[in-house]
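Chemist: The following block contains the structure, expressed as structure tokens.
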Amino acid sequence: MTQQTSTINVRLPKDEDWASFYQLVRKHHARTVFADIPFSEKKYAAIEHQARNPAPHQCLIVAEAKGKVVGLAWITAGEYALGDGGVMTTTHLLAVDAEECGPFLSAKVFKRLLRGIVIWSRSRNARQVLVHVSTGTAIKQTDRLLRSSGAICIGGSYLLAVNET
């Protein structure tokens with residue numbers, strides 16, 4: 001029996017990746033409940049600058065399939081706000097290019113990124129990884145992927161519209 005190699009490579013970013021990140025983040029934003037808010041080039045540039053020069057408690061992880069960037073995760077490690085010690089990782093953004101990947105490969109990329117987050121979190125002595133699902137889309141599918149990766153639901157994000165009166 002021959003060993004099959006993965007078609008997904010999870011790694012740190014390379015200089016040539018940044019244009020792909022921009023496109024991926026734009027697509028991700030367009031699929032969220034916040035798509036009606038104009039994408040900010042200025043804010044993206046500030047986030048990119050930070051991601052290019054991360055502090056030791058920050059990391060950008062990249063997923064590549066068939067030579068293309070198809071996913072990324074932006075994470076930070078820090079202490080629990082109401083206690084001493086207790087380092088945890090917060091996943092600020094976990095984006096997969098569903099258009100490029102299709103449903104099956106998207107799920108594999110998502111799970112590989114999660115595994116990369118866990119591995120990085122161990123290097124920071126984190127006890128838990130928080131994944132905030134706040135896109136407002138594919139919630140049930142995302143829940144299944146997270147649970148199949150060993151995650152438990154500890155709450156959720158809720159959106160309350162504030163209408164002008």
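By order of appearance in the structure tokens: chains A, B, ..., then residues from 1 within every chain, and ligands from 1 in the order shown.
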What are the closest atom pairs, with distances in Å to one decimal, for each residue of segment 68-139 of chain A lying within 9 Å of segment 30-35 of chain A, using only C-alpha atoms, rows by chain and rising residue number, as a Markdown table?

Modeler:
| residue | atom | partner | partner_atom | distance |
| --- | --- | --- | --- | --- |
| A:Ser134 | CA | A:Thr32 | CA | 8.1 |
| A:Thr135 | CA | A:Thr32 | CA | 4.5 |
| A:Gly136 | CA | A:Val33 | CA | 5.3 |
| A:Thr137 | CA | A:Thr32 | CA | 6.2 |

Chemist: I'd like the neighbourhood of Ser121 of chain A as an MDAnalysis selection string, where a residue qualifies if any of its atoms comes within 10 Å (using only C-alpha atoms), though same-chain residues fewer than 6 positions away should be ignored.

Modeler: chainID A and resid 57 59 75:77 87:90 115 127:129

Chemist: Which residue gives the smallest distance to Ile117 of chain A among A:Ile152, A:Trp74, A:His132, A:Ser40, with only C-alpha atoms counted?

Modeler: A:Trp74

Chemist: Which residues of segment 31-84 of chain A have any atom within 10 Å of an atom in segment 105-112 of chain A when counting only C-alpha atoms, and what is the closest pair of atoms for each, with the distance in Å to one decimal? Order the rows by chain and rising number and write it as JSON lines.

Modeler:
{"residue": "A:Val62", "atom": "CA", "partner": "A:Val109", "partner_atom": "CA", "distance": 9.8}
{"residue": "A:Ala63", "atom": "CA", "partner": "A:Val109", "partner_atom": "CA", "distance": 6.6}
{"residue": "A:Glu64", "atom": "CA", "partner": "A:Val109", "partner_atom": "CA", "distance": 8.3}
{"residue": "A:Ala65", "atom": "CA", "partner": "A:Val109", "partner_atom": "CA", "distance": 8.3}
{"residue": "A:Val70", "atom": "CA", "partner": "A:Val109", "partner_atom": "CA", "distance": 7.6}
{"residue": "A:Gly71", "atom": "CA", "partner": "A:Val109", "partner_atom": "CA", "distance": 6.8}
{"residue": "A:Leu72", "atom": "CA", "partner": "A:Phe110", "partner_atom": "CA", "distance": 8.9}
{"residue": "A:Ala73", "atom": "CA", "partner": "A:Phe110", "partner_atom": "CA", "distance": 9.3}

Chemist: Keeping only C-alpha atoms, take the residues you just selected and write them out as an mmCIF file, in the first residue's frame.

Modeler:
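Result saved to out.cif:
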data_model
loop_
_atom_site.group_PDB
_atom_site.id
_atom_site.type_symbol
_atom_site.label_atom_id
_atom_site.label_comp_id
_atom_site.auth_asym_id
_atom_site.auth_seq_id
_atom_site.Cartn_x
_atom_site.Cartn_y
_atom_site.Cartn_z
ATOM 1 C CA VAL A 62 -2.183 29.735 5.354
ATOM 2 C CA ALA A 63 -3.823 26.776 3.619
ATOM 3 C CA GLU A 64 -2.693 25.960 0.108
ATOM 4 C CA ALA A 65 -4.202 23.403 -2.252
ATOM 5 C CA VAL A 70 -7.398 28.656 -0.432
ATOM 6 C CA GLY A 71 -7.642 29.519 3.247
ATOM 7 C CA LEU A 72 -6.204 31.462 6.127
ATOM 8 C CA ALA A 73 -6.556 31.867 9.859
#

Chemist: Residues at most 10 Å from Val69 of chain A, counting only C-alpha atoms, excluding those fewer than 3 positions away in the same chain, as number ranges by chain?

Modeler: A: 8-10, 13, 17-21, 23-24, 62-66, 72, 96-97, 100

Chemist: Take atom CA of Gly116 of chain A and atom CA of Leu82 of chain A and report the distance between them in Å, one decimal.

Modeler: 26.9 Å

Chemist: Counting only C-alpha atoms, figure out which residue out of A:Val25, A:Arg11, A:Cys101, A:Ala45 gets nearest to Leu60 of chain A.

Modeler: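 Going through A:Val25, A:Arg11, A:Cys101, A:Ala45 one by one, the smallest distance to Leu60 of chain A is for A:Arg11.
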
Chemist: Smallest atom-to-atom distance to Ser123 of chain A: which of A:Gln58, A:Pro38, A:Tyr158, A:Thr7, using only C-alpha atoms?

Modeler: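 Among A:Gln58, A:Pro38, A:Tyr158, A:Thr7, it is A:Gln58 that comes nearest to Ser123 of chain A.
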
Chemist: DSSP says helix (DSSP H, G or I) for which residues of chain A? Put them as a VMD selection string?

Modeler: chain A and resid 15 to 30 41 to 52 98 to 123 139 to 148

Chemist: What does the distance from atom CA of Leu93 of chain A to atom CA of Glu16 of chain A come to in Å, to one decimal?

Modeler: 20.2 Å

Chemist: So which bits of segment 70-102 of chain A end up strand (DSSP E) when you DSSP the backbone, as number ranges by chain?

Modeler: A: 70-79, 87-96

Chemist: Restricting the calculation to only C-alpha atoms: of A:Lys43, A:Arg124, A:His92, A:Arg52, which residue gets closest to Leu12 of chain A?

Modeler: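 When distances to Leu12 of chain A are compared using only C-alpha atoms, the smallest one comes from A:Arg52.
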
Chemist: Separation of atom CA of Ala161 of chain A and atom CA of Phe39 of chain A, in Å?

Modeler: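 Rounded to one decimal, the two atoms are 19.7 Å apart.
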